[in-house]
Amino acid sequence: MMTINQLQDQLIEEFELFENDWDGKYDYIIDMGKKLKGLPDESKSESNKIKGCQSNVWLTSSVDSAGTIHFEGDSDAIIVKGLVAMLIRVMSGHEAQEIANADLYFIEKIGLSRHLAQTRSNGLLSMVKQMKFYGLAYGTQDKAIQN
Amino acid sequence: MEPIATFSALDIQQIRSDFPILHQSLNGKPLVYFDNAATTQKPKQVIEKLSYYYNTINANIHRGIHTLAEKATAEYEATRESVRSFINAKETAEIIFTQGTTQSLNLVASSLGRYALKAGDEILITTMEHHSNIVPWQMIAELTGAILKVIPINEKGEILIEEGLAMLTERTKILSMVYVSNALGTINPVKTFIEKAKTTGTYTVIDGAQASSHLDIDVQALDCDFLALSAHKMYGPTGVGILYGKKTILEAIPPYQGGGEMIKDVSFEVTTYNELPYKFEAGTPNIADTIAFKEAIDYINHYGKAEMAQWENELLSYATEKLTAEIEGFRPIGTADNKISVISFLVDGVHHHDIGLMLDHEGIAIRTGHHCTQPLMSRLQIPGTNRVSFAVYNTKEEIDYLTTSLKKVVKRLR
């Protein structure tokens with residue numbers, strides 16, 4: 001099982017192939033968006049919606065018996081859906097604490113912060129915050145059960 | 001690129017050379033600025049005036065007796081006269097400087113609302129108002145117990161005139177209406193409504209933010225009681241706006257904010273207010289930007305608003321035709337018979353947010369989203385639109401580039 005940082009490094013490596021070809025990078029993100037399974041309609045609820053995005057973004061989470069957190073997500077805009085796919089790839093399948101403490105340097109390294117995350121409208125940072133919040137929440141729950 | 005034939009009397013290339021910001025590359029592509037309904041770019045005359053003010057005559061106005069204060073005051077008041085003439089107000093006492101249309105509308109809602117409204121009175125607005133012409137009225141309605149009524153629109157994004165006029169009754173104390181819709185470009189028949197309002201004893205407020213640089217505005221011919229506009233939407237600086245108000249009404253209604261400048265005499269027992277327009281201008285105003293605003297008005301007057309509008313309309317027809325013909329699934333939102341140079345649109349099967357991001361990457365600045373008109377978007381049952389809006393410095397070559405880029409972008413996104 002790869003760590004969050006190993007998964008980030010993998011993504012960074014994939015994007016390095018494009019060098020400064022931003023058309024290529026966009027197409028890659030769009031492709032990831034198109035390939036993400038997304039969510040069934042009943043999960044696209046108001047409570048699963050991430051606030052502060054110009055497009056609709058939904059995020060759900062679940063935790064398995066081993067204490068691993070799994071994320072699923074969707075968006076009606078394809079580039080944003082690609083961003084959701086990247087975040088899920090990096091953040092899903094880890095323990096609460098690793099998620100809550102994650103330092104997502106891939107956003108900066110790939111150059112997304114300059115090209116895509118500079119306005120709050122695409123909600124990338126809100127998504128990260130929500131994932132970490134789930135991590136924190138599940139982490140506290142675990143402790144409460146242990147106690 | 002081959003220049004495309006135009007019928008404009010204006011030398012657009014010469015106009016473009018006045019706007020330093022246009023001559024740069026973004027994301028490796030030449031900038032194409034199509035977000036003029038949000039804010040226009042500024043000609044060098046305006047930019048240079050700002051620097052002249054701070055380099056040469058910076059001083060607080062209306063207070064000092066020294067030379068700089070005199071000079072700054074004279075220039076500040078020269079802008080007031082310029083605005084008066086621009087909208088053909090009777091006198092400069094009727095021109096109040098504000099931070100922009102939003103503050104102007106808040107001022108009217110608060111001061112006129114406290115003066116004129118009581119529980120059960122009606123305030124009438126339209127479905128296509130900007131949030132800044134909705135929320136201030138909701139706030140004063142809550143305070144006074146007045147009721148907000150909304151004139152419906154049709155699918156083309158036009159006011160239903162008969163229904164609207166029927167809603168305008170003796171119960172309507174205030175009618176506040178947008179002259180030109182920022183989201184759709186629709187020009188509203190404000191004159192018709194103002195005429196009816198005269199017979200029902202209704203105060204009339206016009207949001208002129210989008211109209212100011214495209215339409216001839218004559219407040220005496222319109223006979224509206226109030227009109228709001230923003231400098232930054234007419235090639236002027238941000239942070240300056242105008243509230244025009246009829247003198248008799250401005251004299252009757254209470255001030256908006258208290259402070260320096262707006263008073264005649266202050267004691268702890270009683271304060272008397274300054275005369276117009278200073279009664280509504282508390283505190284040190286935005287002196288530099290107000291002074292530079294005059295350059296923007298001079299700029300428009302120099303080229304002629306009618307000539308500018310003619311060119312913008314030519315761009316509008318050219319772009320509407322071209323985009324409709326060449327972009328598969330192109331769906332214009334807002335197809336009013338009478339509109340200014342704004343094209344709001346969606347493309348079937350592609351999210352507007354994706355289009356905005358990808359066009360930005362091509363160097364094209366457009367606006368995406370709900371344009372601060374959420375109730376209008378829900379009426380049209382859409383989450384938002386892409387909006388392309390033209391100013392006098394835009395060209396047909398830029399529209400060609402937009403069309404080619406949009407075609408490419410849509411293909412990649414689908």
# chains A, B, ... in the order shown; residues from 1 in each chain; ligands from 1
>>> interface_residues(of="chain B", to="chain A", cutoff="9 Å", atoms="only C-alpha atoms", output="PyMOL selection string")
chain B and resi 350-354+357-358+361+368-370+383-384+412-414
>>> select_by_dssp(residues="chain A", states="strand (DSSP E)", output="list in words")
Val57, Trp58, Leu59, Thr60, Ser61, Ser62, Val63, Thr68, Ile69, His70, Phe71, Glu72, Gly73, Asp74, Ser75, His94 and Glu95 of chain A
>>> select_by_dssp(residues="range 180-339 of chain B", states="alpha helix (DSSP H)", output="PyMOL selection string")
chain B and resi 190-200+219-222+247-252+287-303+305-326
>>> residues_around(residues="Cys372 in chain B", least_positions_apart="3", cutoff="9 Å", atoms="only C-alpha atoms", output="list in words")
Glu129, His130, His131, Ser132, Asn182, Ala183, Gly369 and Pro375 of chain B
>>> closest_residue(among="A:Gly93, A:Gly123, A:Pro40, A:Gly139", to="Gly73 in chain A", atoms="only C-alpha atoms")
A:Pro40
>>> closest_residue(among="A:Lys25, A:His94, A:Lys129, A:Lys37", to="Leu7 in chain A", atoms="only C-alpha atoms")
A:His94
>>> residues_around(residues="Pro254 in chain B", least_positions_apart="5", cutoff="9 Å", atoms="only C-alpha atoms", output="VMD selection string")
chain B and resid 110 to 112 114 to 115 279 to 280
>>> residues_around(residues="Val57 in chain A", least_positions_apart="2", cutoff="6 Å", atoms="only C-alpha atoms", output="short mmCIF file (atom, residue, chain, number, x, y, z; two decimals) with all heavy atoms, in the first residue's frame")
data_model
loop_
_atom_site.label_atom_id
_atom_site.label_comp_id
_atom_site.auth_asym_id
_atom_site.auth_seq_id
_atom_site.Cartn_x
_atom_site.Cartn_y
_atom_site.Cartn_z
N LYS A 49 -22.60 18.22 -0.65
CA LYS A 49 -22.10 19.27 -1.53
C LYS A 49 -20.99 20.06 -0.84
O LYS A 49 -21.09 20.37 0.34
CB LYS A 49 -23.25 20.22 -1.87
CG LYS A 49 -23.31 20.62 -3.31
CD LYS A 49 -24.50 21.53 -3.49
CE LYS A 49 -24.91 21.65 -4.92
NZ LYS A 49 -26.11 22.47 -5.06
N ILE A 50 -19.94 20.39 -1.60
CA ILE A 50 -18.87 21.22 -1.06
C ILE A 50 -19.23 22.67 -1.31
O ILE A 50 -19.52 23.06 -2.45
CB ILE A 50 -17.53 20.91 -1.75
CG1 ILE A 50 -17.22 19.42 -1.69
CG2 ILE A 50 -16.41 21.75 -1.17
CD1 ILE A 50 -16.57 18.95 -0.45
N ASP A 74 -17.81 13.57 -7.08
CA ASP A 74 -18.34 13.85 -8.41
C ASP A 74 -18.44 15.36 -8.62
O ASP A 74 -18.40 16.12 -7.64
CB ASP A 74 -19.73 13.22 -8.56
CG ASP A 74 -20.05 12.87 -10.01
OD1 ASP A 74 -19.41 13.45 -10.91
OD2 ASP A 74 -20.93 12.03 -10.23
N SER A 75 -18.53 15.77 -9.85
CA SER A 75 -18.79 17.17 -10.16
C SER A 75 -19.48 17.25 -11.51
O SER A 75 -19.31 16.35 -12.35
CB SER A 75 -17.49 17.98 -10.21
OG SER A 75 -17.76 19.29 -10.70
#
>>> residues_around(residues="Glu251 in chain B", least_positions_apart="3", cutoff="10 Å", atoms="only C-alpha atoms", output="ChimeraX atom specification")
/B:94,245-248,254-255,275-277,279
>>> write_last_selection(atoms="all heavy atoms", output="mmCIF file, in the first residue's frame")
data_model
loop_
_atom_site.group_PDB
_atom_site.id
_atom_site.type_symbol
_atom_site.label_atom_id
_atom_site.label_comp_id
_atom_site.auth_asym_id
_atom_site.auth_seq_id
_atom_site.Cartn_x
_atom_site.Cartn_y
_atom_site.Cartn_z
ATOM 1 N N GLU B 94 -27.191 67.776 -7.269
ATOM 2 C CA GLU B 94 -27.918 66.510 -7.413
ATOM 3 C C GLU B 94 -26.994 65.324 -7.668
ATOM 4 O O GLU B 94 -27.452 64.198 -7.836
ATOM 5 C CB GLU B 94 -28.918 66.627 -8.571
ATOM 6 C CG GLU B 94 -29.967 67.707 -8.324
ATOM 7 C CD GLU B 94 -30.996 67.815 -9.446
ATOM 8 O OE1 GLU B 94 -30.594 67.767 -10.620
ATOM 9 O OE2 GLU B 94 -32.194 67.955 -9.134
ATOM 10 N N GLY B 245 -29.845 62.243 -7.655
ATOM 11 C CA GLY B 245 -31.159 62.313 -7.017
ATOM 12 C C GLY B 245 -31.766 63.678 -7.268
ATOM 13 O O GLY B 245 -31.042 64.679 -7.356
ATOM 14 N N LYS B 246 -33.087 63.712 -7.406
ATOM 15 C CA LYS B 246 -33.748 65.011 -7.573
ATOM 16 C C LYS B 246 -33.574 65.822 -6.302
ATOM 17 O O LYS B 246 -33.756 65.314 -5.189
ATOM 18 C CB LYS B 246 -35.233 64.796 -7.866
ATOM 19 C CG LYS B 246 -35.512 64.584 -9.325
ATOM 20 C CD LYS B 246 -37.001 64.586 -9.609
ATOM 21 C CE LYS B 246 -37.233 64.199 -11.063
ATOM 22 N NZ LYS B 246 -38.537 63.559 -11.246
ATOM 23 N N LYS B 247 -33.253 67.090 -6.474
ATOM 24 C CA LYS B 247 -32.876 67.940 -5.351
ATOM 25 C C LYS B 247 -33.935 67.960 -4.236
ATOM 26 O O LYS B 247 -33.608 67.809 -3.059
ATOM 27 C CB LYS B 247 -32.626 69.358 -5.857
ATOM 28 C CG LYS B 247 -31.861 70.209 -4.882
ATOM 29 C CD LYS B 247 -31.600 71.579 -5.484
ATOM 30 C CE LYS B 247 -30.975 72.508 -4.462
ATOM 31 N NZ LYS B 247 -30.881 73.872 -4.997
ATOM 32 N N THR B 248 -35.195 68.131 -4.626
ATOM 33 C CA THR B 248 -36.250 68.244 -3.605
ATOM 34 C C THR B 248 -36.323 66.986 -2.750
ATOM 35 O O THR B 248 -36.560 67.054 -1.541
ATOM 36 C CB THR B 248 -37.622 68.468 -4.264
ATOM 37 O OG1 THR B 248 -37.762 67.523 -5.331
ATOM 38 C CG2 THR B 248 -37.759 69.881 -4.789
ATOM 39 N N PRO B 254 -33.444 61.663 4.997
ATOM 40 C CA PRO B 254 -32.359 61.761 5.975
ATOM 41 C C PRO B 254 -31.011 61.339 5.390
ATOM 42 O O PRO B 254 -30.979 60.624 4.393
ATOM 43 C CB PRO B 254 -32.786 60.788 7.076
ATOM 44 C CG PRO B 254 -33.662 59.799 6.394
ATOM 45 C CD PRO B 254 -34.374 60.547 5.301
ATOM 46 N N PRO B 255 -29.901 61.777 6.007
ATOM 47 C CA PRO B 255 -28.569 61.358 5.530
ATOM 48 C C PRO B 255 -28.384 59.856 5.671
ATOM 49 O O PRO B 255 -29.153 59.192 6.371
ATOM 50 C CB PRO B 255 -27.596 62.093 6.449
ATOM 51 C CG PRO B 255 -28.392 63.064 7.216
ATOM 52 C CD PRO B 255 -29.813 62.628 7.187
ATOM 53 N N GLU B 275 -25.408 71.270 3.391
ATOM 54 C CA GLU B 275 -26.283 71.338 2.224
ATOM 55 C C GLU B 275 -25.887 70.266 1.209
ATOM 56 O O GLU B 275 -24.858 69.603 1.338
ATOM 57 C CB GLU B 275 -26.207 72.738 1.607
ATOM 58 C CG GLU B 275 -24.797 73.105 1.178
ATOM 59 C CD GLU B 275 -24.604 74.614 1.025
ATOM 60 O OE1 GLU B 275 -25.279 75.381 1.753
ATOM 61 O OE2 GLU B 275 -23.785 74.999 0.186
ATOM 62 N N LEU B 276 -26.712 70.143 0.176
ATOM 63 C CA LEU B 276 -26.445 69.170 -0.885
ATOM 64 C C LEU B 276 -25.249 69.611 -1.719
ATOM 65 O O LEU B 276 -25.053 70.798 -1.896
ATOM 66 C CB LEU B 276 -27.669 69.054 -1.807
ATOM 67 C CG LEU B 276 -28.900 68.404 -1.189
ATOM 68 C CD1 LEU B 276 -30.067 68.491 -2.156
ATOM 69 C CD2 LEU B 276 -28.631 66.962 -0.804
ATOM 70 N N PRO B 277 -24.497 68.672 -2.237
ATOM 71 C CA PRO B 277 -24.605 67.214 -2.080
ATOM 72 C C PRO B 277 -23.868 66.682 -0.854
ATOM 73 O O PRO B 277 -23.899 65.494 -0.587
ATOM 74 C CB PRO B 277 -23.918 66.707 -3.352
ATOM 75 C CG PRO B 277 -22.857 67.735 -3.624
ATOM 76 C CD PRO B 277 -23.430 69.055 -3.192
ATOM 77 N N LYS B 279 -24.281 66.709 2.255
ATOM 78 C CA LYS B 279 -25.077 66.019 3.276
ATOM 79 C C LYS B 279 -24.937 64.498 3.162
ATOM 80 O O LYS B 279 -25.062 63.779 4.145
ATOM 81 C CB LYS B 279 -26.532 66.447 3.069
ATOM 82 C CG LYS B 279 -27.580 65.718 3.870
ATOM 83 C CD LYS B 279 -28.960 66.282 3.492
ATOM 84 C CE LYS B 279 -30.086 65.341 3.883
ATOM 85 N NZ LYS B 279 -31.394 65.823 3.388
#
>>> decode(residues="range 79-92 of chain A", atoms="all heavy atoms", output="short mmCIF file (atom, residue, chain, number, x, y, z; two decimals), in the first residue's frame")
data_model
loop_
_atom_site.label_atom_id
_atom_site.label_comp_id
_atom_site.auth_asym_id
_atom_site.auth_seq_id
_atom_site.Cartn_x
_atom_site.Cartn_y
_atom_site.Cartn_z
N ILE A 79 -13.45 19.46 -15.60
CA ILE A 79 -12.11 19.75 -15.09
C ILE A 79 -12.09 19.61 -13.57
O ILE A 79 -11.18 19.01 -13.00
CB ILE A 79 -11.65 21.17 -15.52
CG1 ILE A 79 -11.48 21.22 -17.04
CG2 ILE A 79 -10.33 21.54 -14.83
CD1 ILE A 79 -11.18 22.60 -17.59
N VAL A 80 -13.13 20.12 -12.94
CA VAL A 80 -13.24 19.98 -11.49
C VAL A 80 -13.34 18.50 -11.12
O VAL A 80 -12.75 18.05 -10.14
CB VAL A 80 -14.45 20.79 -10.96
CG1 VAL A 80 -14.63 20.56 -9.47
CG2 VAL A 80 -14.24 22.28 -11.23
N LYS A 81 -14.07 17.74 -11.93
CA LYS A 81 -14.18 16.30 -11.68
C LYS A 81 -12.80 15.64 -11.78
O LYS A 81 -12.49 14.71 -11.03
CB LYS A 81 -15.16 15.67 -12.67
CG LYS A 81 -15.68 14.32 -12.24
CD LYS A 81 -16.81 13.85 -13.14
CE LYS A 81 -17.13 12.38 -12.84
NZ LYS A 81 -18.11 11.83 -13.79
N GLY A 82 -11.99 16.13 -12.69
CA GLY A 82 -10.61 15.65 -12.80
C GLY A 82 -9.81 15.95 -11.54
O GLY A 82 -9.02 15.12 -11.07
N LEU A 83 -10.03 17.14 -10.99
CA LEU A 83 -9.35 17.50 -9.73
C LEU A 83 -9.82 16.59 -8.60
O LEU A 83 -9.03 16.14 -7.77
CB LEU A 83 -9.63 18.97 -9.38
CG LEU A 83 -9.13 20.04 -10.35
CD1 LEU A 83 -9.55 21.42 -9.87
CD2 LEU A 83 -7.61 19.98 -10.51
N VAL A 84 -11.14 16.32 -8.57
CA VAL A 84 -11.70 15.41 -7.56
C VAL A 84 -11.04 14.04 -7.70
O VAL A 84 -10.62 13.43 -6.70
CB VAL A 84 -13.24 15.28 -7.73
CG1 VAL A 84 -13.81 14.25 -6.78
CG2 VAL A 84 -13.92 16.63 -7.52
N ALA A 85 -10.89 13.58 -8.95
CA ALA A 85 -10.28 12.27 -9.19
C ALA A 85 -8.85 12.22 -8.65
O ALA A 85 -8.44 11.24 -8.04
CB ALA A 85 -10.29 11.98 -10.70
N MET A 86 -8.10 13.31 -8.86
CA MET A 86 -6.72 13.35 -8.37
C MET A 86 -6.69 13.30 -6.85
O MET A 86 -5.87 12.59 -6.25
CB MET A 86 -6.03 14.63 -8.86
CG MET A 86 -5.72 14.60 -10.35
SD MET A 86 -5.39 16.26 -10.98
CE MET A 86 -3.68 16.40 -10.51
N LEU A 87 -7.57 14.07 -6.22
CA LEU A 87 -7.60 14.10 -4.76
C LEU A 87 -7.98 12.73 -4.20
O LEU A 87 -7.41 12.26 -3.21
CB LEU A 87 -8.58 15.16 -4.26
CG LEU A 87 -8.10 16.61 -4.34
CD1 LEU A 87 -9.22 17.55 -3.92
CD2 LEU A 87 -6.88 16.82 -3.44
N ILE A 88 -8.95 12.09 -4.84
CA ILE A 88 -9.37 10.77 -4.37
C ILE A 88 -8.23 9.77 -4.51
O ILE A 88 -7.95 8.99 -3.61
CB ILE A 88 -10.63 10.30 -5.14
CG1 ILE A 88 -11.84 11.13 -4.71
CG2 ILE A 88 -10.89 8.81 -4.92
CD1 ILE A 88 -13.11 10.84 -5.48
N ARG A 89 -7.55 9.86 -5.63
CA ARG A 89 -6.43 8.94 -5.88
C ARG A 89 -5.37 9.07 -4.78
O ARG A 89 -4.80 8.09 -4.32
CB ARG A 89 -5.83 9.26 -7.25
CG ARG A 89 -4.71 8.32 -7.65
CD ARG A 89 -4.34 8.54 -9.09
NE ARG A 89 -2.93 8.28 -9.28
CZ ARG A 89 -2.28 8.55 -10.40
NH1 ARG A 89 -2.90 9.10 -11.42
NH2 ARG A 89 -0.99 8.28 -10.49
N VAL A 90 -5.13 10.30 -4.35
CA VAL A 90 -4.09 10.53 -3.35
C VAL A 90 -4.59 10.27 -1.93
O VAL A 90 -3.89 9.67 -1.11
CB VAL A 90 -3.58 12.00 -3.47
CG1 VAL A 90 -2.69 12.37 -2.29
CG2 VAL A 90 -2.82 12.19 -4.78
N MET A 91 -5.83 10.68 -1.65
CA MET A 91 -6.29 10.71 -0.26
C MET A 91 -7.10 9.48 0.17
O MET A 91 -7.22 9.20 1.36
CB MET A 91 -7.15 11.96 -0.03
CG MET A 91 -6.39 13.26 -0.13
SD MET A 91 -5.42 13.62 1.34
CE MET A 91 -6.47 14.84 2.15
N SER A 92 -7.68 8.76 -0.79
CA SER A 92 -8.56 7.66 -0.43
C SER A 92 -7.75 6.42 -0.07
O SER A 92 -6.71 6.17 -0.67
CB SER A 92 -9.51 7.34 -1.59
OG SER A 92 -10.56 6.53 -1.14
#
